[in-house]
Every structure is written in structure tokens, then in C-alpha cells.
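One file, start.pdb, is given below (PDB, C-alpha atoms).
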```pdb
MODEL        1
ATOM      1  CA  MET A 888      94.192  91.123 136.742
ATOM      2  CA  PRO A 889      94.081  87.974 134.571
ATOM      3  CA  LYS A 890      95.017  88.318 130.953
ATOM      4  CA  THR A 891      92.200  87.727 128.469
ATOM      5  CA  PRO A 892      92.922  85.598 125.415
ATOM      6  CA  LYS A 893      93.593  87.516 122.232
ATOM      7  CA  LEU A 894      90.704  87.459 119.773
ATOM      8  CA  TYR A 895      91.829  87.501 116.171
ATOM      9  CA  LYS A 896      90.271  89.680 113.531
ATOM     10  CA  MET A 897      88.676  88.071 110.525
ATOM     11  CA  LYS A 898      90.351  88.991 107.258
ATOM     12  CA  THR A 899      88.404  90.599 104.434
ATOM     13  CA  HIS A 900      89.242  89.342 100.952
ATOM     14  CA  LYS A 901      90.508  92.473  99.209
ATOM     15  CA  GLY A 902      89.550  91.332  95.712
ATOM     16  CA  ALA A 903      85.974  90.659  96.795
ATOM     17  CA  LYS A 904      85.832  93.989  98.604
ATOM     18  CA  ASP A 905      86.556  95.814  95.349
ATOM     19  CA  ARG A 906      84.258  93.691  93.177
ATOM     20  CA  PHE A 907      81.109  93.368  95.289
ATOM     21  CA  HIS A 908      78.902  95.818  97.146
ATOM     22  CA  ALA A 909      76.225  94.876  99.686
ATOM     23  CA  THR A 910      73.165  97.090  99.865
ATOM     24  CA  SER A 911      71.153  97.765 103.005
ATOM     25  CA  THR A 912      68.289  95.632 101.675
ATOM     26  CA  GLY A 913      70.511  92.544 101.495
ATOM     27  CA  LYS A 914      71.306  92.437  97.786
ATOM     28  CA  VAL A 915      74.870  91.941  96.615
ATOM     29  CA  LEU A 916      75.771  93.979  93.555
ATOM     30  CA  ARG A 917      78.586  93.289  91.131
ATOM     31  CA  THR A 918      79.988  95.026  88.075
ATOM     32  CA  LYS A 919      79.788  93.629  84.585
ATOM     33  CA  CYS A 920      82.797  92.123  82.849
ATOM     34  CA  GLY A 921      84.450  93.480  79.725
ATOM     35  CA  LYS A 922      85.392  96.915  81.034
ATOM     36  CA  SER A 923      89.170  96.687  81.051
ATOM     37  CA  HIS A 924      90.123  96.929  77.372
ATOM     38  CA  LEU A 925      88.703  96.933  73.800
ATOM     39  CA  ARG A 926      86.034  99.414  74.839
ATOM     40  CA  ARG A 927      86.681 101.952  72.106
ATOM     41  CA  ASN A 928      85.298  99.550  69.489
ATOM     42  CA  ARG A 929      81.886  99.438  71.215
ATOM     43  CA  ASN A 930      79.088 101.874  70.643
ATOM     44  CA  LYS A 931      77.986 104.402  73.244
ATOM     45  CA  ASP A 932      74.999 102.413  74.496
ATOM     46  CA  ALA A 933      77.033  99.239  75.024
ATOM     47  CA  LYS A 934      79.690 101.159  76.960
ATOM     48  CA  GLY A 935      77.014 102.744  79.125
ATOM     49  CA  GLN A 936      75.549  99.353  79.982
ATOM     50  CA  LEU A 937      78.925  98.216  81.361
ATOM     51  CA  ASP A 938      78.798 100.861  84.108
ATOM     52  CA  ILE A 939      75.600  99.484  85.659
ATOM     53  CA  MET A 940      75.854  97.386  88.828
ATOM     54  CA  ILE A 941      73.772  94.203  88.637
ATOM     55  CA  PRO A 942      72.760  91.748  91.385
ATOM     56  CA  ALA A 943      75.160  88.879  92.002
ATOM     57  CA  ASN A 944      74.005  85.285  91.739
ATOM     58  CA  HIS A 945      72.080  84.125  94.811
ATOM     59  CA  ALA A 946      74.044  80.858  94.830
ATOM     60  CA  GLU A 947      77.223  82.787  95.685
ATOM     61  CA  LYS A 948      75.731  84.161  98.922
ATOM     62  CA  ASP A 949      77.482  81.779 101.324
ATOM     63  CA  ARG A 950      80.855  82.226  99.650
ATOM     64  CA  LEU A 951      80.521  86.007  99.719
ATOM     65  CA  LYS A 952      79.696  85.897 103.422
ATOM     66  CA  ALA A 953      82.988  84.098 104.035
ATOM     67  CA  LEU A 954      84.964  86.501 101.844
ATOM     68  CA  LEU A 955      83.343  89.620 103.344
ATOM     69  CA  PRO A 956      82.960  88.836 107.057
ATOM     70  CA  TYR A 957      82.195  92.413 108.093
ATOM     71  CA  GLY A 958      79.758  92.910 105.218
ATOM     72  CA  ALA A 959      77.997  89.615 105.944
ATOM     73  CA  LYS A 960      75.518  91.289 108.278
ATOM     74  CA  TYR A 961      74.060  93.035 105.208
ATOM     75  CA  ILE A 962      73.978  89.945 102.962
ATOM     76  CA  ARG A 963      70.631  88.154 103.285
TER      77      ARG A 963
ENDMDL
END
```

Render the structure in this file as C-alpha cells.
Amino acid sequence: MPKTPKLYKMKTHKGAKDRFHATSTGKVLRTKCGKSHLRRNRNKDAKGQLDIMIPANHAEKDRLKALLPYGAKYIR
């Protein structure tokens, strides 16, 4: 039986995997910045707004498809 050539797996960028989330409708969601430190000086409403996921910029779509090859089927 002839040996088939080895097909390599595409690598997912681990930083992009943690920062972005693709929905089933094709939107890419990202978190807001400013969550890591100096949060105790903000009021309750401002801290609550940081937890909301917002859509990523549409111009980043091609780059995100390259960084997330297995999530690219959901990115439209």
C-alpha cells in the first residue's frame, strides 16, 4: 500500500483564540480594553460596560481568518 503524504495541521494563534469569539451568524466579538488594572477607581456602571463583548472591526476579518483557521468557517 503506497504511503500518503503527511498533511500538516494549521496552527491556531493562541492569543487570538482567547481574545476573539466568532458567532454562528458570522460576527466576530472582542472584549473591551482597560480590564486588567485600575478598575477599583471606576464607578459601577463603567465597570459593567467593560464586561460586554462588542463586534470587532470589519477590516480585521481577513487577518482573523488567518489567525483562527478553524474558526474561519464562521467568520463572514

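Distance check against His900 in chain A using only C-alpha atoms: of A:Gly958, A:Lys922, A:His945, A:Arg929, the minimum falls on A:Gly958.
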
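The interatomic distance for the pair CA of Lys948 in chain A and CA of Leu894 in chain A works out to 25.9 Å.
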
Spatial sel., origin (72.8, 92.8, 96.5), limit 12 Å, all atoms listed in the file, listed as a PyMOL selection string: chain A and resi 906-918+940-945+947-948+951-952+958-959+961-963

Next, write the just-selected residues to a file, as an mmCIF file, in the coordinates of the input, keeping C-alpha atoms as the atom set.
```cif
data_model
loop_
_atom_site.group_PDB
_atom_site.id
_atom_site.type_symbol
_atom_site.label_atom_id
_atom_site.label_comp_id
_atom_site.auth_asym_id
_atom_site.auth_seq_id
_atom_site.Cartn_x
_atom_site.Cartn_y
_atom_site.Cartn_z
ATOM 1 C CA ARG A 906 84.258 93.691 93.177
ATOM 2 C CA PHE A 907 81.109 93.368 95.289
ATOM 3 C CA HIS A 908 78.902 95.818 97.146
ATOM 4 C CA ALA A 909 76.225 94.876 99.686
ATOM 5 C CA THR A 910 73.165 97.090 99.865
ATOM 6 C CA SER A 911 71.153 97.765 103.005
ATOM 7 C CA THR A 912 68.289 95.632 101.675
ATOM 8 C CA GLY A 913 70.511 92.544 101.495
ATOM 9 C CA LYS A 914 71.306 92.437 97.786
ATOM 10 C CA VAL A 915 74.870 91.941 96.615
ATOM 11 C CA LEU A 916 75.771 93.979 93.555
ATOM 12 C CA ARG A 917 78.586 93.289 91.131
ATOM 13 C CA THR A 918 79.988 95.026 88.075
ATOM 14 C CA MET A 940 75.854 97.386 88.828
ATOM 15 C CA ILE A 941 73.772 94.203 88.637
ATOM 16 C CA PRO A 942 72.760 91.748 91.385
ATOM 17 C CA ALA A 943 75.160 88.879 92.002
ATOM 18 C CA ASN A 944 74.005 85.285 91.739
ATOM 19 C CA HIS A 945 72.080 84.125 94.811
ATOM 20 C CA GLU A 947 77.223 82.787 95.685
ATOM 21 C CA LYS A 948 75.731 84.161 98.922
ATOM 22 C CA LEU A 951 80.521 86.007 99.719
ATOM 23 C CA LYS A 952 79.696 85.897 103.422
ATOM 24 C CA GLY A 958 79.758 92.910 105.218
ATOM 25 C CA ALA A 959 77.997 89.615 105.944
ATOM 26 C CA TYR A 961 74.060 93.035 105.208
ATOM 27 C CA ILE A 962 73.978 89.945 102.962
ATOM 28 C CA ARG A 963 70.631 88.154 103.285
#
```

Edge lengths and centre in Å, axis-aligned, range 949-952 of chain A plus 4 Å each side, as lines of an AutoDock Vina configuration file:
```
center_x = 79.2
center_y = 83.9
center_z = 101.5
size_x = 11.4
size_y = 12.2
size_z = 11.8
```

Pick from A:Ala903, A:Met888, A:Ile939, A:Met897, whichever lies nearest to Tyr957 in chain A using only C-alpha atoms: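 Answer, going by the shortest atom-to-atom distance: A:Met897.
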
Using all atoms listed in the file: which of A:Lys904, A:Lys919, A:Lys931, A:Lys890 has the shortest distance to Leu955 in chain A: A:Lys904
